Amino acid sequence: MREGPDIARVASLVGDPARANMLNAMMGGTALTATELALEAGVSLPTASSHLSKLMEGGLLTLASQGRHRYYGLASAQVAGMIEAITGVAEAVGPRRVRPGPRDAAMRVARVCYDHLAGEQAVAMLDCLFDKKLLLREDNAIRLAPSGASHFATLGIEIDGKARRPVCRACLDWSVRRSHLAGTLGAAILDKIIAEKWARREKDSRAVVFSPTGRQEFARVFLG
């Protein structure tokens, strides 16, 4: 047996359809109960509990208790990035589905990817940040340019450079098949978008819907 990471074990955890549906449901960054995840997976509660135990043992989930309730969430942004990347591969090479409906169209424009913005708007924003040289490409990595921190500070976006997560990270966007911005900066930008009420989270969906004014403001600040 070759040495190195056990890819097959992680792949087997994600590869089960019920577990894949559960993981995808948590991509909105919201912790969910076993009952809610059972509904997402279309399985009974005992079956869902068995799947969740396997995902916990595999290190893909975290568990938090609040009163009588237990909430499951993705273990890290790294796990979320893996799910997003797998979704992109499935979109590219998997069976073709029925033409997406309105909710799917909204998801392609803008959505939450764990704790940061994804979709067409997010990819366009990253391109613009590169063009303005506020972010720099280094091989396959992204780093903050010297002028970047002060620029974002003027927008009221504070960058947590002491966090365990990277400030900037490329996350492959499944719908556009190019990268959008993850990391603590990506999360802080999404927080600002929601705090400024430029956009709102669609109920029971990962879609992020911009108001007409919010779309203009987002374009002025991040795409101009």
# chains A, B, ... in the order shown; residues from 1 in each chain; ligands from 1
>>> select_by_dssp(residues="range 47-112 of chain A", states="strand (DSSP E)", output="PyMOL selection string")
chain A and resi 61-66+69-74+111-112
>>> residues_around(residues="range 196-207 of chain A", least_positions_apart="5", cutoff="9 Å", atoms="only C-alpha atoms", output="mmCIF file with all heavy atoms, in the first residue's frame")
data_model
loop_
_atom_site.group_PDB
_atom_site.id
_atom_site.type_symbol
_atom_site.label_atom_id
_atom_site.label_comp_id
_atom_site.auth_asym_id
_atom_site.auth_seq_id
_atom_site.Cartn_x
_atom_site.Cartn_y
_atom_site.Cartn_z
ATOM 1 N N ALA A 25 -26.283 20.324 1.688
ATOM 2 C CA ALA A 25 -27.233 21.141 2.448
ATOM 3 C C ALA A 25 -26.516 22.049 3.437
ATOM 4 O O ALA A 25 -27.009 23.132 3.769
ATOM 5 C CB ALA A 25 -28.215 20.241 3.187
ATOM 6 N N MET A 27 -23.650 23.457 2.895
ATOM 7 C CA MET A 27 -22.786 24.406 2.180
ATOM 8 C C MET A 27 -23.242 25.847 2.350
ATOM 9 O O MET A 27 -22.515 26.777 2.027
ATOM 10 C CB MET A 27 -22.731 24.046 0.700
ATOM 11 C CG MET A 27 -21.809 22.885 0.385
ATOM 12 S SD MET A 27 -20.081 23.285 0.639
ATOM 13 C CE MET A 27 -19.783 24.353 -0.792
ATOM 14 N N GLY A 28 -24.448 26.060 2.844
ATOM 15 C CA GLY A 28 -24.913 27.417 3.111
ATOM 16 C C GLY A 28 -24.335 28.001 4.376
ATOM 17 O O GLY A 28 -24.615 29.152 4.711
ATOM 18 N N GLY A 29 -23.513 27.223 5.088
ATOM 19 C CA GLY A 29 -22.885 27.717 6.300
ATOM 20 C C GLY A 29 -23.757 27.629 7.528
ATOM 21 O O GLY A 29 -23.369 28.072 8.605
ATOM 22 N N ARG A 103 -34.745 29.144 -9.340
ATOM 23 C CA ARG A 103 -33.871 29.135 -8.179
ATOM 24 C C ARG A 103 -32.452 28.785 -8.588
ATOM 25 O O ARG A 103 -31.477 29.360 -8.104
ATOM 26 C CB ARG A 103 -34.375 28.152 -7.133
ATOM 27 C CG ARG A 103 -33.470 28.071 -5.911
ATOM 28 C CD ARG A 103 -34.059 27.218 -4.814
ATOM 29 N NE ARG A 103 -35.236 27.820 -4.240
ATOM 30 C CZ ARG A 103 -35.896 27.325 -3.201
ATOM 31 N NH1 ARG A 103 -35.494 26.192 -2.650
ATOM 32 N NH2 ARG A 103 -36.951 27.934 -2.718
ATOM 33 N N ASP A 104 -32.299 27.821 -9.512
ATOM 34 C CA ASP A 104 -30.971 27.460 -9.976
ATOM 35 C C ASP A 104 -30.321 28.610 -10.721
ATOM 36 O O ASP A 104 -29.114 28.823 -10.604
ATOM 37 C CB ASP A 104 -31.051 26.222 -10.871
ATOM 38 C CG ASP A 104 -31.514 24.984 -10.112
ATOM 39 O OD1 ASP A 104 -30.839 24.587 -9.155
ATOM 40 O OD2 ASP A 104 -32.572 24.464 -10.468
ATOM 41 N N ALA A 106 -30.772 31.759 -10.109
ATOM 42 C CA ALA A 106 -30.322 32.700 -9.080
ATOM 43 C C ALA A 106 -29.049 32.198 -8.417
ATOM 44 O O ALA A 106 -28.149 32.983 -8.101
ATOM 45 C CB ALA A 106 -31.419 32.895 -8.033
ATOM 46 N N MET A 107 -28.944 30.895 -8.211
ATOM 47 C CA MET A 107 -27.752 30.313 -7.593
ATOM 48 C C MET A 107 -26.523 30.524 -8.460
ATOM 49 O O MET A 107 -25.418 30.703 -7.953
ATOM 50 C CB MET A 107 -27.969 28.818 -7.375
ATOM 51 C CG MET A 107 -28.910 28.474 -6.252
ATOM 52 S SD MET A 107 -28.047 28.159 -4.719
ATOM 53 C CE MET A 107 -27.297 26.568 -5.057
ATOM 54 N N ARG A 108 -26.711 30.514 -9.749
ATOM 55 C CA ARG A 108 -25.572 30.726 -10.641
ATOM 56 C C ARG A 108 -25.083 32.168 -10.594
ATOM 57 O O ARG A 108 -23.897 32.428 -10.769
ATOM 58 C CB ARG A 108 -25.947 30.337 -12.081
ATOM 59 C CG ARG A 108 -26.140 28.844 -12.260
ATOM 60 C CD ARG A 108 -26.646 28.493 -13.651
ATOM 61 N NE ARG A 108 -26.912 27.074 -13.744
ATOM 62 C CZ ARG A 108 -26.002 26.145 -14.031
ATOM 63 N NH1 ARG A 108 -24.756 26.502 -14.261
ATOM 64 N NH2 ARG A 108 -26.334 24.878 -14.087
ATOM 65 N N VAL A 109 -25.976 33.090 -10.363
ATOM 66 C CA VAL A 109 -25.586 34.505 -10.301
ATOM 67 C C VAL A 109 -24.830 34.795 -9.011
ATOM 68 O O VAL A 109 -23.741 35.379 -9.026
ATOM 69 C CB VAL A 109 -26.821 35.413 -10.410
ATOM 70 C CG1 VAL A 109 -26.431 36.881 -10.201
ATOM 71 C CG2 VAL A 109 -27.468 35.241 -11.781
ATOM 72 N N ALA A 110 -25.385 34.400 -7.883
ATOM 73 C CA ALA A 110 -24.748 34.659 -6.594
ATOM 74 C C ALA A 110 -25.319 33.710 -5.551
ATOM 75 O O ALA A 110 -26.528 33.518 -5.490
ATOM 76 C CB ALA A 110 -24.965 36.112 -6.156
ATOM 77 N N ARG A 111 -24.453 33.129 -4.753
ATOM 78 C CA ARG A 111 -24.882 32.196 -3.719
ATOM 79 C C ARG A 111 -23.834 32.175 -2.619
ATOM 80 O O ARG A 111 -22.714 32.677 -2.782
ATOM 81 C CB ARG A 111 -25.067 30.787 -4.289
ATOM 82 C CG ARG A 111 -23.782 30.161 -4.783
ATOM 83 C CD ARG A 111 -23.983 28.799 -5.424
ATOM 84 N NE ARG A 111 -22.704 28.244 -5.873
ATOM 85 C CZ ARG A 111 -22.130 28.551 -7.021
ATOM 86 N NH1 ARG A 111 -22.720 29.401 -7.858
ATOM 87 N NH2 ARG A 111 -20.961 28.032 -7.351
ATOM 88 N N VAL A 112 -24.209 31.560 -1.511
ATOM 89 C CA VAL A 112 -23.268 31.355 -0.423
ATOM 90 C C VAL A 112 -22.524 30.044 -0.645
ATOM 91 O O VAL A 112 -23.132 29.022 -0.951
ATOM 92 C CB VAL A 112 -23.999 31.303 0.935
ATOM 93 C CG1 VAL A 112 -23.048 30.906 2.052
ATOM 94 C CG2 VAL A 112 -24.620 32.652 1.247
ATOM 95 N N CYS A 113 -21.226 30.092 -0.510
ATOM 96 C CA CYS A 113 -20.388 28.896 -0.533
ATOM 97 C C CYS A 113 -19.736 28.809 0.851
ATOM 98 O O CYS A 113 -18.687 29.420 1.086
ATOM 99 C CB CYS A 113 -19.338 28.987 -1.629
ATOM 100 S SG CYS A 113 -18.194 27.587 -1.686
ATOM 101 N N ASP A 191 -20.004 39.246 4.529
ATOM 102 C CA ASP A 191 -20.602 39.871 5.717
ATOM 103 C C ASP A 191 -20.994 41.318 5.433
ATOM 104 O O ASP A 191 -22.058 41.788 5.850
ATOM 105 C CB ASP A 191 -19.628 39.832 6.892
ATOM 106 C CG ASP A 191 -19.487 38.428 7.487
ATOM 107 O OD1 ASP A 191 -20.346 37.573 7.187
ATOM 108 O OD2 ASP A 191 -18.523 38.205 8.242
ATOM 109 N N PRO A 212 -31.957 45.967 -6.644
ATOM 110 C CA PRO A 212 -31.426 46.815 -7.719
ATOM 111 C C PRO A 212 -30.372 47.803 -7.208
ATOM 112 O O PRO A 212 -29.310 47.965 -7.822
ATOM 113 C CB PRO A 212 -32.666 47.528 -8.257
ATOM 114 C CG PRO A 212 -33.788 46.573 -7.968
ATOM 115 C CD PRO A 212 -33.448 45.949 -6.653
ATOM 116 N N THR A 213 -30.667 48.448 -6.080
ATOM 117 C CA THR A 213 -29.700 49.385 -5.506
ATOM 118 C C THR A 213 -28.464 48.655 -5.014
ATOM 119 O O THR A 213 -27.332 49.114 -5.211
ATOM 120 C CB THR A 213 -30.333 50.173 -4.339
ATOM 121 O OG1 THR A 213 -31.468 50.890 -4.821
ATOM 122 C CG2 THR A 213 -29.331 51.139 -3.725
ATOM 123 N N GLY A 214 -28.666 47.502 -4.386
ATOM 124 C CA GLY A 214 -27.545 46.723 -3.885
ATOM 125 C C GLY A 214 -26.632 46.248 -4.991
ATOM 126 O O GLY A 214 -25.401 46.251 -4.842
ATOM 127 N N ARG A 215 -27.220 45.864 -6.122
ATOM 128 C CA ARG A 215 -26.396 45.439 -7.255
ATOM 129 C C ARG A 215 -25.535 46.599 -7.752
ATOM 130 O O ARG A 215 -24.354 46.417 -8.081
ATOM 131 C CB ARG A 215 -27.306 44.925 -8.384
ATOM 132 C CG ARG A 215 -26.536 44.321 -9.555
ATOM 133 C CD ARG A 215 -27.517 43.865 -10.629
ATOM 134 N NE ARG A 215 -28.315 42.741 -10.166
ATOM 135 C CZ ARG A 215 -27.917 41.470 -10.246
ATOM 136 N NH1 ARG A 215 -26.745 41.176 -10.783
ATOM 137 N NH2 ARG A 215 -28.704 40.503 -9.818
ATOM 138 N N GLN A 216 -26.114 47.788 -7.790
ATOM 139 C CA GLN A 216 -25.347 48.977 -8.208
ATOM 140 C C GLN A 216 -24.205 49.263 -7.240
ATOM 141 O O GLN A 216 -23.084 49.584 -7.659
ATOM 142 C CB GLN A 216 -26.272 50.184 -8.321
ATOM 143 C CG GLN A 216 -27.285 50.102 -9.460
ATOM 144 C CD GLN A 216 -28.237 51.260 -9.467
ATOM 145 O OE1 GLN A 216 -28.178 52.140 -8.615
ATOM 146 N NE2 GLN A 216 -29.148 51.273 -10.435
ATOM 147 N N GLU A 217 -24.502 49.167 -5.935
ATOM 148 C CA GLU A 217 -23.468 49.441 -4.938
ATOM 149 C C GLU A 217 -22.364 48.393 -4.989
ATOM 150 O O GLU A 217 -21.180 48.710 -4.880
ATOM 151 C CB GLU A 217 -24.094 49.501 -3.538
ATOM 152 C CG GLU A 217 -24.889 50.756 -3.283
ATOM 153 C CD GLU A 217 -24.019 51.997 -3.417
ATOM 154 O OE1 GLU A 217 -23.050 52.128 -2.644
ATOM 155 O OE2 GLU A 217 -24.299 52.815 -4.315
ATOM 156 N N PHE A 218 -22.753 47.147 -5.130
ATOM 157 C CA PHE A 218 -21.753 46.075 -5.238
ATOM 158 C C PHE A 218 -20.859 46.321 -6.452
ATOM 159 O O PHE A 218 -19.628 46.177 -6.382
ATOM 160 C CB PHE A 218 -22.459 44.723 -5.356
ATOM 161 C CG PHE A 218 -21.519 43.570 -5.556
ATOM 162 C CD1 PHE A 218 -20.842 43.024 -4.491
ATOM 163 C CD2 PHE A 218 -21.328 43.026 -6.823
ATOM 164 C CE1 PHE A 218 -19.971 41.939 -4.670
ATOM 165 C CE2 PHE A 218 -20.465 41.966 -7.014
ATOM 166 C CZ PHE A 218 -19.784 41.411 -5.946
#
>>> residues_around(residues="Ala34 in chain A", least_positions_apart="6", cutoff="9 Å", atoms="only C-alpha atoms", output="ChimeraX atom specification")
/A:45,48-49,52,70-72
>>> select_by_dssp(residues="range 15-134 of chain A", states="helix (DSSP H, G or I)", output="number ranges by chain")
A: 15, 17-28, 34-41, 45-57, 77-93, 102-109, 120-131
>>> closest_residue(among="A:Ala90, A:Pro146, A:Gly224, A:Gln66", to="Gly15 in chain A", atoms="only C-alpha atoms")
A:Ala90
>>> atom_distance(atom1="CA of Lys192 in chain A", atom2="CA of Gly156 in chain A")
8.0 Å
>>> closest_residue(among="A:Arg164, A:Val89, A:Ala31, A:Gly81", to="Leu63 in chain A", atoms="only C-alpha atoms")
A:Ala31
>>> atom_distance(atom1="CA of Gly88 in chain A", atom2="CA of Arg178 in chain A")
9.3 Å
>>> atom_distance(atom1="CA of Ala75 in chain A", atom2="CA of Leu135 in chain A")
27.1 Å
